[in-house]
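One structure below.
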Amino acid sequence: MTLPLLLSIPHGGDRVPPEATPKLALSAADIFSDGDACTRTIYDLSGVVTAVHQTDIARAVIDLNRAPEDRAPQHPDGVVKSLTTDRIPVWRDGGPPSRELADILIDRYWRPYHARLETLAANPDLILAIDCHSMADVAPAIAAAPGAPRPLFCLSNATGDTAPDALLHALADALAESFDCPHGEIGINAPFQGGHITRWHGRRFRDGGIPWIQVEMNRRWYLSQPWFDHASRIVDEERLLELRRRFRAALEALPILRA
């Protein structure tokens with residue numbers, strides 16, 4: 001049976017758009033560190049769920065989980081960034097991107113991603129959409145509390161604005177069971193309360209739209225020993241597939257899908 005779910009995977013890419021390449025200051029390692037590495041493997045349940053939407057574009061260049069007006073220099077970690085999460089300058093001149101470049105990147109990559117999500121989310125058979133992410137084991141340099149430890153998962157519904165709290169806790173229970181994870185290691189709206197994708201596309205939830213939940217998986221699950229080599233940035237593929245199997249099992253266990 002196909003699960004009536006929509007999965008969004010906006011941060012798993014590492015491709016630099018050609019419009020940005022001449023001015024980019026980042027190394028491949030910087031781009032890897034700034035993005036949600038491997039999430040396109042972990043969360044891609046194509047053929048199992050109704051729809052999966054993802055991109056190969058690097059988050060360090062254009063962030064699909066930010067509002068289009070959330071721009072540098074006022075917001076260095078905004079939609080088109082001036083700094084990575086490690087506070088490394090994105091552009092060769094060290095400053096924010098030009099207005100022209102930011103507009104081009106938003107028009108060519110941000111808007112199509114969100115337009116496609118709108119189309120997919122209009123499917124009347126869907127009962128839940130999940131925006132799928134990973135997070136660093138500790139908060140990065142650009143965070144409000146750099147160095148703060150993070151749980152193994154964080155689930156967000158913008159404190160009830162984008163999905164029922166009962167559904168959020170049901171997903172927490174399912175993840176705890178499938179990943180053999182203590183409930184105390186599953187943050188509920190902490191450290192994140194849901195990004196732009198969850199909040200914008202879930203804004204109609206209280207008016208009868210489908211619920212949206214943001215899922216953040218700690219990269220400790222796979223970017224640590226014995227599954228990850230830091231020098232080569234090679235990740236154990238079997239570990240990623242195992243995490244995907246566990247994520248699928250958690251979704252299949254949700255009461256709303258077994259009703």
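Chain labels A, B, ... are given in the sequence in which chains occur in the structure tokens; within each chain residues are numbered consecutively from 1, and ligands are likewise numbered from 1 in the order shown.
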
I'd like the contact shell of stretch 74-89 of chain A - 10 Å cut-off, only C-alpha atoms, skipping same-chain residues fewer than 6 positions apart - returned as a VMD selection string. chain A and resid 24 to 26 30 to 31 33 to 35 59 to 68 95 to 99 101 to 103 105 to 106 110 136 139 to 143 146

Give me the residues near A:Gly195 as JSON, numbers by chain, where near means some atom within 10 Å (using only C-alpha atoms) and where sequence neighbours in that chain fewer than 2 positions away do not count. {"A": [64, 65, 66, 67, 131, 156, 157, 158, 192, 193, 197, 198, 199, 200, 213, 214]}

For each of A:Trp227, A:Phe205, A:Phe247, A:Tyr222, take the minimum atom-to-atom distance to A:Ala172, counting only C-alpha atoms, then give the residue where this is smallest. A:Phe247

I'd like the contact shell of A:Leu254 - 12 Å cut-off, only C-alpha atoms, skipping same-chain residues fewer than 5 positions apart - returned as an MDAnalysis selection string. chainID A and resid 3:5 127:128 166:178 247:249 259

What lies within 12 Å of stretch 119-126 of chain A using only C-alpha atoms, ignoring chain neighbours under 3 positions off, as a PyMOL selection string? chain A and resi 2-8+49-53+112-116+129-131+197-198+201-202+204-205+208-212+256-257

With N, CA and C atoms retained, export the selected residues as a compact mmCIF listing (two decimals), in the first residue's frame.
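Saved as result-v7.txt:
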# COMPACT_ATOMS: atom_id res chain seq x y z
N THR A 2 0.57 2.20 -0.86
CA THR A 2 1.28 3.47 -0.88
C THR A 2 0.83 4.33 0.31
N LEU A 3 1.79 4.84 1.05
CA LEU A 3 1.47 5.68 2.20
C LEU A 3 1.06 7.06 1.70
N PRO A 4 -0.07 7.61 2.16
CA PRO A 4 -0.56 8.90 1.65
C PRO A 4 0.20 10.08 2.27
N LEU A 5 1.49 10.13 1.98
CA LEU A 5 2.37 11.13 2.56
C LEU A 5 3.13 11.88 1.46
N LEU A 6 3.46 13.12 1.76
CA LEU A 6 4.36 13.93 0.93
C LEU A 6 5.62 14.19 1.73
N LEU A 7 6.78 13.86 1.17
CA LEU A 7 8.06 14.10 1.82
C LEU A 7 8.83 15.16 1.03
N SER A 8 9.27 16.20 1.72
CA SER A 8 10.10 17.25 1.14
C SER A 8 11.51 17.10 1.68
N VAL A 49 5.74 6.19 -0.59
CA VAL A 49 4.81 7.27 -0.26
C VAL A 49 4.25 7.86 -1.55
N THR A 50 3.22 8.67 -1.40
CA THR A 50 2.57 9.26 -2.58
C THR A 50 3.51 10.14 -3.37
N ALA A 51 4.31 10.97 -2.68
CA ALA A 51 5.18 11.90 -3.39
C ALA A 51 6.41 12.24 -2.57
N VAL A 52 7.53 12.37 -3.27
CA VAL A 52 8.79 12.86 -2.69
C VAL A 52 9.27 14.00 -3.56
N HIS A 53 9.61 15.12 -2.93
CA HIS A 53 10.14 16.27 -3.66
C HIS A 53 11.48 16.65 -3.04
N PRO A 112 10.50 27.61 -8.05
CA PRO A 112 10.02 26.34 -8.60
C PRO A 112 9.87 25.24 -7.55
N TYR A 113 10.77 25.21 -6.56
CA TYR A 113 10.65 24.18 -5.52
C TYR A 113 9.35 24.35 -4.75
N HIS A 114 9.04 25.57 -4.37
CA HIS A 114 7.83 25.82 -3.59
C HIS A 114 6.57 25.67 -4.44
N ALA A 115 6.66 26.04 -5.70
CA ALA A 115 5.50 25.85 -6.58
C ALA A 115 5.17 24.37 -6.73
N ARG A 116 6.20 23.55 -6.84
CA ARG A 116 5.98 22.12 -6.96
C ARG A 116 5.39 21.54 -5.67
N ALA A 129 2.20 15.88 5.39
CA ALA A 129 3.44 16.24 4.69
C ALA A 129 4.54 16.40 5.73
N ILE A 130 5.74 15.95 5.38
CA ILE A 130 6.88 16.01 6.30
C ILE A 130 8.04 16.67 5.58
N ASP A 131 8.60 17.70 6.19
CA ASP A 131 9.81 18.34 5.67
C ASP A 131 11.00 17.72 6.39
N ILE A 197 9.42 26.21 5.21
CA ILE A 197 8.62 25.26 4.45
C ILE A 197 7.45 24.76 5.29
N THR A 198 7.74 24.31 6.48
CA THR A 198 6.69 23.79 7.36
C THR A 198 5.66 24.87 7.69
N HIS A 201 3.81 26.21 4.11
CA HIS A 201 2.91 25.25 3.47
C HIS A 201 1.93 24.65 4.47
N GLY A 202 2.23 24.75 5.75
CA GLY A 202 1.30 24.28 6.76
C GLY A 202 0.40 25.35 7.32
N ARG A 204 -2.24 26.57 6.24
CA ARG A 204 -3.67 26.33 6.04
C ARG A 204 -4.19 25.18 6.90
N PHE A 205 -3.32 24.61 7.74
CA PHE A 205 -3.73 23.44 8.52
C PHE A 205 -4.98 23.73 9.37
N GLY A 208 -8.28 23.50 7.56
CA GLY A 208 -8.62 22.26 6.87
C GLY A 208 -7.56 21.73 5.94
N GLY A 209 -6.41 22.40 5.83
CA GLY A 209 -5.32 21.90 5.01
C GLY A 209 -4.62 20.73 5.66
N ILE A 210 -3.77 20.05 4.88
CA ILE A 210 -3.06 18.90 5.44
C ILE A 210 -2.03 19.37 6.47
N PRO A 211 -1.78 18.57 7.50
CA PRO A 211 -0.77 18.93 8.49
C PRO A 211 0.64 18.79 7.92
N TRP A 212 1.53 19.63 8.44
CA TRP A 212 2.95 19.59 8.09
C TRP A 212 3.77 19.45 9.36
N ILE A 256 -2.49 7.09 12.26
CA ILE A 256 -3.36 7.64 11.21
C ILE A 256 -3.22 6.87 9.91
N LEU A 257 -2.12 6.14 9.73
CA LEU A 257 -1.93 5.35 8.53
C LEU A 257 -2.43 3.92 8.69

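Nearest to A:Gln54 of all the residues A:Pro182, A:Gly13, A:Pro73, A:Pro18 is A:Gly13, based on only C-alpha atoms.
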
Please provide as a PyMOL selection string all residues within 8 Å of A:Val16, with the sequence filter that same-chain residues fewer than 3 positions apart are discarded (counting only C-alpha atoms). chain A and resi 20-21+57-58+61

Generate a file of the selected residues that holds C-alpha atoms, formatted as a compact mmCIF listing (two decimals), in the first residue's frame.
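Result went into selection_16.txt, see below:
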# COMPACT_ATOMS: atom_id res chain seq x y z
CA ALA A 20 26.86 31.28 -8.52
CA THR A 21 30.01 29.35 -9.45
CA ILE A 57 21.08 22.34 -5.17
CA ALA A 58 23.41 23.21 -2.28
CA VAL A 61 24.05 28.88 -1.94

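Backbone DSSP assigns strand (DSSP E or B) in stretch 135-175 of chain A to Met135, Val138, Pro149, Phe153, Cys154, Leu155 and Ser156 of chain A.
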